[in-house]
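Notes follow the structure.
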Amino acid sequence: MLLDANAGHYQDDELVPAAEPHAAHAPSDAAVETQADLSAEIKAIGEAYAQALKNGAAPETQPRLDFAPYRSSILRHPTKSLHHADPETIELYSPAFGHQDVHALESDLTIQHNGEPQGERIIVQGKVLDGDGRPVAGQLVEIWQANAAGRYIHKRDQHPAPLDPNFTGVGRCITGPDGSYRFTTIKPGAYPWKNHLNAWRPAHIHFSMFGTDFTQRIVTQMYFPGDQLFPLDPIYQSIVDQDARDRLVAKYDHDLTSPEWALGYNWDIVLSGSKRTWTENEAFGDAGDEE
Amino acid sequence: MSKLIPTPGQTVGPFYGYALPFNKDNELLAPGSAGSIRLQGTVYDGAGEAIPDAILEIWQPDSEGNVVQRTGSLVRDGYTFTGWGRAAVGNSGVYTFTTVNPGATSPVPGKPGAAPFISVAVFARGLMNRLFTRIYLPENEEALAADPLLSSLDPERRQTLIARRDADGGLTWDLRLQGGNETVFLDFEGASR
């Protein structure tokens, strides 16, 4: 059972039944494209980007919305350029979250059930900063992830890896005054998906963050250092710039590692710059300061 | 200018459904309560197919145009309007919110009075990074015509940001990620104030 009184948000219809048939472990879908096909496409895009950089193009910092090697993106990316807009009124603020919204225990994903989850216990810690380096204090961070075997508690994940009755894989916290967050969890496993034949996602934790402005809203994925699947993964590779990719990879931090308990990873998140005009001692989130 | 380079976004993926939704996530007000309206629509891909794995967030002022800064969006008490909500689409690509008509916010000195709108962030499997857009109320043609964003758009593209008023007072607004009536999505970076 979840400790959280707000447990209703783990909707029953999203839970995978305890017993389910796995008739065959062989891939049964019609994916015939191979990793070699996909890797060739990724390589061509990477070479074109390297050439553009050589010709003086500015380095890219975000994923490409149009990145065909991730097949599901083909019909789901805007074909028209994003329209430049000046953020106005509501967009210059973010919703407020606090300790009514998130219980302190929600940041420990290893204590949500009666027993200990399987796998390698880890601590993931870092800071949420805005583009000017200001800490984003008192804001919501949400994470979700696969278990140690690479299985999500989601009905759409039906691949034959075991569920862990002691691991849900969902956590939340509110950042501290210095923008810091900290989760205790289990290192997620890599998992297969159906983009192409033998497609595997590098191990990752999904992160969702709010800034001080709604325009800073971000959902992303944190990866682990040295993953051999990086060159093969169309989602990681949708960020074509290596420096930008590196910003999604946590650093192993032995000082954060807790003796005989958990390995430590550090990962800071930088949001886009706040567009609000900040005063020196602005009280965060005072209603009516639009007047 | 920002001094630090922002962290890249990544797709929300297919498995957010057990993590991001929460109880009453799409009810900024209790359905049926005084002043509440339904905001509903369908999310489409570039082939015109409704997509079943998108999740939307809205963020808006209250009916008086005040920016609300109250906590309690995740654990709603049923009375406090926090201005923020989240709705995953269903199997037929339809999302639903219960909210209020946003009021007009106070004009910024030296700028025309802006038309009321709801700010939207959209996430989906297959969408590499979140997209921002706006939902404007269809009333008050004068304010819509004077709106800095709307007036900078071609007439047909402009329509993608304006909701339809339903007979029961609700709003309908569809989102098209790609294609002929592709929704206008916004980039706030590098824009001058």
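Going through the structure tokens in order, the chains are called A, B, and so on, while each chain numbers its residues from 1 and the ligands are numbered from 1 in the order shown.
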
Task: Shell around Gly9 of chain B at 12 Å using only C-alpha atoms, local window under 4 positions removed, as an NGL selection string - done: (:A and (61-65 or 206-209 or 216-222 or 235-236 or 238-239 or 244-245 or 247-248 or 269-272)) or (:B and (13 or 123 or 127-131))

I need the residues from that last selection saved to file as a compact mmCIF listing (two decimals), in the first residue's frame (with N, CA, C and O atoms), if you can.
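Writing done, so here's again.txt:
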# COMPACT_ATOMS: atom_id res chain seq x y z
N THR A 61 20.53 23.30 -28.63
CA THR A 61 20.48 22.98 -27.20
C THR A 61 19.28 22.13 -26.82
O THR A 61 19.20 21.66 -25.68
N GLN A 62 18.33 21.96 -27.73
CA GLN A 62 17.11 21.21 -27.43
C GLN A 62 16.96 20.06 -28.42
O GLN A 62 17.63 20.06 -29.46
N PRO A 63 16.11 19.08 -28.14
CA PRO A 63 15.90 18.01 -29.12
C PRO A 63 15.25 18.59 -30.36
O PRO A 63 14.58 19.63 -30.30
N ARG A 64 15.43 17.93 -31.48
CA ARG A 64 14.70 18.31 -32.68
C ARG A 64 13.29 17.75 -32.58
O ARG A 64 13.10 16.58 -32.26
N LEU A 65 12.30 18.60 -32.86
CA LEU A 65 10.91 18.11 -32.86
C LEU A 65 10.71 17.17 -34.03
O LEU A 65 9.94 16.21 -33.96
N HIS A 206 12.31 9.70 -15.78
CA HIS A 206 11.56 10.84 -16.31
C HIS A 206 11.47 11.91 -15.22
O HIS A 206 11.14 11.59 -14.07
N PHE A 207 11.74 13.14 -15.58
CA PHE A 207 11.64 14.28 -14.66
C PHE A 207 10.69 15.32 -15.22
O PHE A 207 10.73 15.61 -16.42
N SER A 208 9.88 15.89 -14.35
CA SER A 208 8.96 16.98 -14.72
C SER A 208 9.18 18.13 -13.75
O SER A 208 9.13 17.93 -12.54
N MET A 209 9.44 19.33 -14.29
CA MET A 209 9.76 20.47 -13.43
C MET A 209 8.97 21.72 -13.82
O MET A 209 8.67 21.93 -14.99
N GLN A 216 8.79 28.21 -18.44
CA GLN A 216 9.96 27.39 -18.10
C GLN A 216 9.61 25.92 -17.88
O GLN A 216 10.48 25.11 -17.57
N ARG A 217 8.35 25.59 -18.06
CA ARG A 217 7.87 24.22 -17.84
C ARG A 217 8.69 23.25 -18.68
O ARG A 217 8.90 23.47 -19.88
N ILE A 218 9.13 22.15 -18.06
CA ILE A 218 9.94 21.17 -18.79
C ILE A 218 9.65 19.75 -18.31
O ILE A 218 9.44 19.53 -17.10
N VAL A 219 9.60 18.83 -19.25
CA VAL A 219 9.61 17.40 -18.96
C VAL A 219 10.79 16.82 -19.71
O VAL A 219 11.00 17.11 -20.89
N THR A 220 11.61 16.04 -19.02
CA THR A 220 12.79 15.50 -19.67
C THR A 220 13.14 14.13 -19.09
O THR A 220 12.32 13.53 -18.39
N GLN A 221 14.31 13.63 -19.42
CA GLN A 221 14.75 12.32 -18.93
C GLN A 221 16.19 12.45 -18.46
O GLN A 221 17.00 13.05 -19.15
N MET A 222 16.46 11.89 -17.30
CA MET A 222 17.82 11.86 -16.77
C MET A 222 18.43 10.49 -17.07
O MET A 222 17.80 9.47 -16.82
N ILE A 235 15.72 8.52 -29.14
CA ILE A 235 15.21 9.60 -28.29
C ILE A 235 16.36 10.43 -27.72
O ILE A 235 16.36 11.65 -27.80
N TYR A 236 17.37 9.74 -27.19
CA TYR A 236 18.58 10.46 -26.74
C TYR A 236 19.22 11.19 -27.92
O TYR A 236 19.64 12.34 -27.80
N SER A 238 17.88 12.41 -30.49
CA SER A 238 17.10 13.53 -31.06
C SER A 238 17.70 14.86 -30.64
O SER A 238 17.40 15.90 -31.22
N ILE A 239 18.54 14.84 -29.61
CA ILE A 239 19.38 15.99 -29.27
C ILE A 239 20.67 15.76 -30.06
O ILE A 239 21.40 14.82 -29.77
N ALA A 244 24.86 19.21 -25.39
CA ALA A 244 23.47 19.27 -24.92
C ALA A 244 23.04 17.91 -24.36
O ALA A 244 22.41 17.83 -23.31
N ARG A 245 23.42 16.83 -25.04
CA ARG A 245 23.10 15.49 -24.52
C ARG A 245 23.70 15.29 -23.14
O ARG A 245 23.07 14.72 -22.25
N ARG A 247 24.08 17.22 -20.87
CA ARG A 247 23.34 17.90 -19.80
C ARG A 247 22.22 17.03 -19.23
O ARG A 247 21.61 17.40 -18.22
N LEU A 248 21.93 15.91 -19.89
CA LEU A 248 20.91 15.00 -19.38
C LEU A 248 21.50 13.82 -18.62
O LEU A 248 20.76 12.94 -18.16
N ILE A 269 19.42 20.77 -12.98
CA ILE A 269 18.53 21.09 -14.10
C ILE A 269 18.52 22.60 -14.26
O ILE A 269 18.31 23.33 -13.29
N VAL A 270 18.76 23.06 -15.47
CA VAL A 270 18.70 24.49 -15.76
C VAL A 270 17.48 24.76 -16.63
O VAL A 270 17.35 24.20 -17.73
N LEU A 271 16.58 25.58 -16.14
CA LEU A 271 15.40 25.96 -16.92
C LEU A 271 15.77 27.14 -17.82
O LEU A 271 16.84 27.74 -17.67
N SER A 272 14.88 27.47 -18.71
CA SER A 272 15.13 28.65 -19.54
C SER A 272 15.07 29.89 -18.64
O SER A 272 14.62 29.83 -17.50
N GLY B 13 6.97 10.39 -23.32
CA GLY B 13 6.92 8.94 -23.52
C GLY B 13 5.52 8.38 -23.37
O GLY B 13 4.55 9.13 -23.19
N PHE B 123 2.07 17.77 -23.96
CA PHE B 123 3.08 16.71 -23.95
C PHE B 123 2.46 15.49 -24.62
O PHE B 123 1.27 15.25 -24.48
N LEU B 127 6.19 13.29 -29.23
CA LEU B 127 6.48 14.73 -29.26
C LEU B 127 7.74 14.94 -28.44
O LEU B 127 7.77 14.69 -27.24
N MET B 128 8.81 15.38 -29.11
CA MET B 128 10.14 15.39 -28.50
C MET B 128 10.29 16.33 -27.33
O MET B 128 11.13 16.14 -26.47
N ASN B 129 9.50 17.41 -27.35
CA ASN B 129 9.62 18.43 -26.32
C ASN B 129 8.24 19.03 -26.14
O ASN B 129 7.44 19.02 -27.07
N ARG B 130 7.96 19.55 -24.96
CA ARG B 130 6.64 20.13 -24.75
C ARG B 130 6.44 21.33 -25.68
O ARG B 130 7.38 22.00 -26.08
N LEU B 131 5.18 21.59 -25.98
CA LEU B 131 4.83 22.75 -26.78
C LEU B 131 3.94 23.66 -25.96
O LEU B 131 3.13 23.19 -25.15

Q. Looking only at the backbone, which of the residues in segment 27-165 of chain B does DSSP tag as helix (DSSP H, G or I), as a PyMOL selection string?
A. chain B and resi 141-146+150-152+155-161

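Every protein or nucleic acid residue with an atom no more than 9 Å from segment 49-52 of chain B, counting only C-alpha atoms and leaving out same-chain residues fewer than 3 positions away, appears here: B:Thr42, B:Val43, B:Tyr44, B:Asp45, B:Gly46, B:Ala88, B:Val89, B:Gly90, B:Asn91, B:Ser92, B:Gly93, B:Val94, B:Ala124.
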
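Residue nearest chain B within the list A:Ala57, A:Leu82, A:Val32, A:Leu229: A:Leu82 [criterion: smallest interatomic distance, only C-alpha atoms].
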
Per-residue nearest contacts chain A to chain B, cut-off 7 Å, using only C-alpha atoms, as CSV:
residue,atom,partner,partner_atom,distance
A:Asn6,CA,B:Val75,CA,7.0
A:Gly8,CA,B:Asn23,CA,5.7
A:His9,CA,B:Phe22,CA,3.7
A:Tyr10,CA,B:Tyr18,CA,5.6
A:Gln11,CA,B:Tyr18,CA,6.6
A:Glu14,CA,B:Tyr18,CA,5.9
A:Thr61,CA,B:Pro8,CA,6.2
A:Gln62,CA,B:Pro8,CA,4.6
A:Pro63,CA,B:Met128,CA,6.4
A:Arg64,CA,B:Met128,CA,6.8
A:Leu65,CA,B:Met128,CA,5.2
A:Ser72,CA,B:Gly126,CA,4.5
A:Ser73,CA,B:Gly126,CA,4.2
A:Leu75,CA,B:Gly46,CA,4.7
A:Arg76,CA,B:Asp45,CA,5.4
A:His77,CA,B:Leu177,CA,6.0
A:Pro78,CA,B:Gln178,CA,4.8
A:Thr79,CA,B:Gln178,CA,6.2
A:Leu82,CA,B:Leu186,CA,5.2
A:His83,CA,B:Leu186,CA,4.7
A:His84,CA,B:Asp187,CA,4.7
A:Ala85,CA,B:Phe188,CA,5.4
A:Asp86,CA,B:Ala191,CA,5.7
A:Pro87,CA,B:Phe188,CA,6.3
A:Thr89,CA,B:Thr105,CA,6.9
A:Ile90,CA,B:Gln60,CA,6.1
A:Glu91,CA,B:Ser119,CA,6.7
A:Pro95,CA,B:Trp84,CA,6.1
A:Ala96,CA,B:Thr71,CA,4.9
A:Phe97,CA,B:Thr71,CA,4.7
A:Gly98,CA,B:Thr71,CA,5.6
A:Gln100,CA,B:Gly72,CA,5.9
A:Asp101,CA,B:Leu74,CA,4.9
A:Gly131,CA,B:Ser2,CA,4.9
A:Asp132,CA,B:Lys3,CA,5.1
A:Gly133,CA,B:Leu4,CA,6.6
A:Trp144,CA,B:Ala19,CA,6.1
A:His154,CA,B:Phe15,CA,6.2
A:Val170,CA,B:Ala19,CA,5.7
A:Thr215,CA,B:Phe188,CA,6.9
A:Ile218,CA,B:Gly9,CA,6.1
A:Val219,CA,B:Gly9,CA,5.7
A:Thr220,CA,B:Gln10,CA,4.2
A:Gln221,CA,B:Gln10,CA,5.9
A:Ala244,CA,B:Pro8,CA,6.6
A:Arg247,CA,B:Thr7,CA,5.8
A:Leu248,CA,B:Thr7,CA,6.9
A:Ile269,CA,B:Thr7,CA,5.9
A:Val270,CA,B:Pro6,CA,4.8
A:Leu271,CA,B:Pro6,CA,5.1
A:Ser272,CA,B:Pro6,CA,5.3
A:Gly273,CA,B:Ser2,CA,5.4
A:Gly285,CA,B:Gln69,CA,5.6
A:Asp286,CA,B:Gln69,CA,6.6
A:Ala287,CA,B:Gln69,CA,5.6
A:Gly288,CA,B:Asn66,CA,6.8
A:Glu291,CA,B:Ser106,CA,6.8

(Q) List as a ChimeraX atom specification the protein and nucleic acid residues near segment 26-39 of chain B, meaning an atom at most 7 Å away when only C-alpha atoms are counted, but skip any in the same chain fewer than 5 places from it. (A) /B:78-79,81-87,96-100,169-172

Check: Could you pull the residues within 7 Å of segment 102-106 of chain A, counting only C-alpha atoms, minus those fewer than 6 positions along the same chain, as a PyMOL selection string?
Finding: chain A and resi 171-173

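In this model, the gap between atom CA of Leu137 of chain B and atom CA of Pro102 of chain B comes to 8.2 Å.
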
One decimal place gives the atom CA of Leu197 of chain A-atom CA of Ala50 of chain A separation as 27.6 Å

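The two atoms in question, atom CA of Asp108 of chain A and atom CA of Pro165 of chain A, are spaced 15.7 Å apart.
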
**Message:** What parts of segment 37-210 of chain A does DSSP call strand (DSSP E)? I'd like the answer as a PyMOL selection string.
**Reply:** chain A and resi 83-84+121-129+140-145+170-174+180-186+191-193+199-201+204-209

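The shortest atom-to-atom distance to Phe230 of chain A, with only C-alpha atoms taken into account, belongs to A:His204 out of A:Arg182, A:Lys187, A:His204, A:His99.
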
**Report entry** Non-local contacts of Asp178 of chain A (10 Å; only C-alpha atoms; under 6 positions in same chain excluded) as JSON, numbers by chain
**Finding:** {"A": [127, 128, 129, 134, 135, 136, 137, 138]}
